[in-house]
Amino acid sequence: MTLIDLSAPAVRDSRLDGLPVAIIGAGPIGLAAAAHLVERGLDFVIYEAGETVASSMSSWGHIRLFSPWKHLIDPTAQRLLEADGWTAPRYQDKAPTGSELVEQYLVPLAALDSIASHIVTGTRVAAVTRQGMDRTRSTGRAETPFALRIAAADGSTSEVTARAVIDASGTYLNTNSLGSNGLDPLGLAAVADHVTHALPDVLGVDRVRFAGKHITVVGAGHSAANTLINLATLIHTSPETTVTWVIRNKSAVRVFTADDDELSLRASLGAKVKKLIDFGVITVVDGFEIVELAKDGDRVDIAGLRSGGIEHIHADLVVNATGFRPDLSLLREIRLGLDEIVEAPVKLAPLIDPNLHSCGTVEPHGFTELEQPEPNFFIAGMKSYGRAPTFLLATGYEQIRSITAYLAGDLTAARKVELVLPATGVCSTDASASSCCS
């Protein structure tokens with residue numbers, strides 16, 4: 001694999017001089033990358049598809065994270081903020097909601113003079129390539145600027161260049177399929193208006209849509225558990241609401257086996273869901289593999305394979321809480337080395353295999369594990385984990401610290417990867433499950 005030592009100007013081609021590092025996504029990881037690049041004195045531009053920073057996190061802002069504040073703030077970002085007069089949240093052992101994290105940390109970070117002018121919102125990166133080179137051409141590739149195809153909110157497109165690219169676009173907008181085979185179930189298009197994304201705000205803006213309906217939640221992870229608990233709360237004021245929980249396995253192992261989880265909020269989810277099941281508030285249908293969806297008047301007929309035969313569940317709304325996967329379509333012309341199972345970088349994949357690791361047993365890792373065959377291109381944050389549900393923000397911050405040190409030519413710092421994570425118990429034995437770590 002070809003590496004560029006950016007600390008040695010003699011090996012830097014003039015075509016790269018003066019170009020910024022392009023960051024895709026202005027969420028926690030993208031903004032942390034900006035903070036590190038500021039401290040390193042490297043120019044950058046952040047391209048955010050949403051109209052505001054952290055738009056994906058804001059969409060599930062009603063959900064409380066598992067991690068406390070002390071694990072959610074990047075140290076370099078904190079230094080920059082405090083130098084500007086910002087004060088860290090007082091209760092460091094308390095876990096914030098997504099909205100609290102955005103409003104109290106990410107918005108102030110994005111508003112810093114050293115960062116704000118480098119953020120372009122309402123702009124989607126549709127594709128990444130090399131200037132004048134598709135993925136098949138090798139000669140001079142490492143010295144050729146990246147070209148990013150940009151799609152603006154008004155429908156116009158343009159291209160920009162960069163010396164390096166950090167893809168921190170996350171996975172939240174790209175859900176796993178409701179079907180156990182990885183494909184959308186037959187008939188999904190005909191009932192799409194009855195299917196919602198994970199983590200709907202059933203006690204807030206989505207309340208009217210959910211109240212009094214029969215809701216089927218599909219998925220065996222903590223995203224499903226959060227929604228089930230909120231739906232149970234909705235039942236108190238709308239008792240005609242009914243809830244069915246569909247899982248493809250015999251047990252939601254990641255929700256119910258967390259006795260040793262040091263992230264207490266996550267550990268408590270399993271106990272709450274179990275009580276709701278025991279009290280008959282939630283009906284569980286396990287071992288159910290969805291194969292087809294069909295209209296049933298104003299409802300959805302969910303057909304699934306169970307115990308060797310086809311069974312049917314009828315619902316008003318279906319919540320897809322089956323987890324997330326990376327959108328790799330924009331990287332078609334980039335040379336990627338991804339694990340064939342979890343779609344994570346090949347050196348990282350064995351460290352995050354959900355069959356072997358929990359969030360807390362993942363080893364610290366940096367640019368070495370995240371390197372791609374494409375020089376100076378990195379996937380960071382949740383997207384770097386592919387389909388593995390074991391990501392913690394603290395892990396992503398360490399990724400960024402190492403990557404930006406490498407881009408600055410500080411290989412000593414880049415290789416010195418250190419991180420202490422909380423012991424977090426079992427995450428999953430199902431790589432298709434939703435992300436359990438925050």
# chains A, B, ... in the order shown; residues from 1 in each chain; ligands from 1
>>> select_by_dssp(residues="region 88-280 of chain A", states="helix (DSSP H, G or I)", output="VMD selection string")
chain A and resid 98 to 111 113 to 116 141 to 143 188 to 194 207 to 210 222 to 237 253 to 256 264 to 278
>>> residues_around(residues="region 239-246 of chain A", least_positions_apart="2", cutoff="6 Å", atoms="only C-alpha atoms", output="list in words")
Ala211, Gly212, Lys213, His214, Ile215, Thr216, Val217, Val218, Ile235, His236, Ile282, Thr283, Val284, Val285 and Asp286 of chain A
>>> write_last_selection(atoms="C-alpha atoms", output="compact mmCIF listing (two decimals), in the first residue's frame")
# COMPACT_ATOMS: atom_id res chain seq x y z
CA ALA A 211 -51.59 6.76 19.04
CA GLY A 212 -54.39 4.21 18.94
CA LYS A 213 -52.70 2.06 16.31
CA HIS A 214 -51.30 -1.45 16.27
CA ILE A 215 -47.55 -0.99 15.96
CA THR A 216 -45.11 -3.72 14.95
CA VAL A 217 -41.49 -3.04 15.86
CA VAL A 218 -38.96 -5.14 13.94
CA ILE A 235 -50.22 3.40 25.93
CA HIS A 236 -50.76 5.11 29.30
CA ILE A 282 -45.75 -5.93 24.54
CA THR A 283 -46.40 -9.10 22.56
CA VAL A 284 -43.24 -10.84 21.35
CA VAL A 285 -43.12 -12.87 18.16
CA ASP A 286 -39.70 -14.51 17.88
>>> select_by_dssp(residues="region 228-408 of chain A", states="strand (DSSP E)", output="JSON, numbers by chain")
{"A": [242, 243, 244, 245, 246, 282, 283, 284, 285, 289, 290, 291, 292, 293, 294, 295, 296, 299, 300, 301, 302, 303, 304, 305, 306, 309, 310, 311, 312, 313, 314, 315, 317, 318, 319, 320, 377, 378, 379]}
>>> write_last_selection(atoms="C-alpha atoms", output="tab-separated table (two decimals), in the first residue's frame")
chain	number	residue	atom	x	y	z
A	242	THR	CA	-51.09	-2.11	20.88
A	243	VAL	CA	-47.51	-3.23	20.28
A	244	THR	CA	-45.96	-6.33	18.75
A	245	TRP	CA	-42.22	-6.91	18.82
A	246	VAL	CA	-40.90	-9.06	15.97
A	282	ILE	CA	-45.75	-5.93	24.54
A	283	THR	CA	-46.40	-9.10	22.56
A	284	VAL	CA	-43.24	-10.84	21.35
A	285	VAL	CA	-43.12	-12.87	18.16
A	289	GLU	CA	-38.35	-13.94	9.26
A	290	ILE	CA	-40.25	-11.45	7.12
A	291	VAL	CA	-40.60	-12.48	3.49
A	292	GLU	CA	-43.45	-10.34	2.11
A	293	LEU	CA	-45.56	-7.27	2.87
A	294	ALA	CA	-48.97	-6.57	1.39
A	295	LYS	CA	-51.82	-4.08	1.67
A	296	ASP	CA	-54.65	-5.20	3.92
A	299	ARG	CA	-53.22	-1.93	7.27
A	300	VAL	CA	-50.17	-4.05	6.44
A	301	ASP	CA	-50.16	-7.83	6.18
A	302	ILE	CA	-46.70	-9.00	7.29
A	303	ALA	CA	-45.96	-12.52	6.08
A	304	GLY	CA	-43.07	-14.32	7.71
A	305	LEU	CA	-41.45	-17.72	7.89
A	306	ARG	CA	-41.77	-19.18	11.38
A	309	GLY	CA	-44.44	-22.36	7.91
A	310	ILE	CA	-45.80	-18.97	6.91
A	311	GLU	CA	-47.51	-16.86	9.57
A	312	HIS	CA	-49.13	-13.44	9.29
A	313	ILE	CA	-49.10	-10.32	11.46
A	314	HIS	CA	-51.44	-7.42	10.73
A	315	ALA	CA	-50.34	-3.93	11.73
A	317	LEU	CA	-47.46	0.77	11.23
A	318	VAL	CA	-44.14	-1.05	11.03
A	319	VAL	CA	-41.03	0.39	12.66
A	320	ASN	CA	-37.83	-0.73	10.94
A	377	PHE	CA	-8.81	8.34	1.94
A	378	PHE	CA	-10.35	7.29	5.26
A	379	ILE	CA	-13.74	6.11	6.44
>>> closest_residue(among="A:Ser58, A:Arg325, A:Gly204, A:Asp113", to="Gly182 (chain A)", atoms="only C-alpha atoms")
A:Arg325
>>> residues_around(residues="Leu101 (chain A)", least_positions_apart="5", cutoff="10 Å", atoms="only C-alpha atoms", output="list in words")
Pro28, Ala54, Met57, Ser58, Gly61, Arg64, Leu65, Trp69, Leu72, Ile73, Pro89, Ala95, Pro96, Leu106 and Val107 of chain A
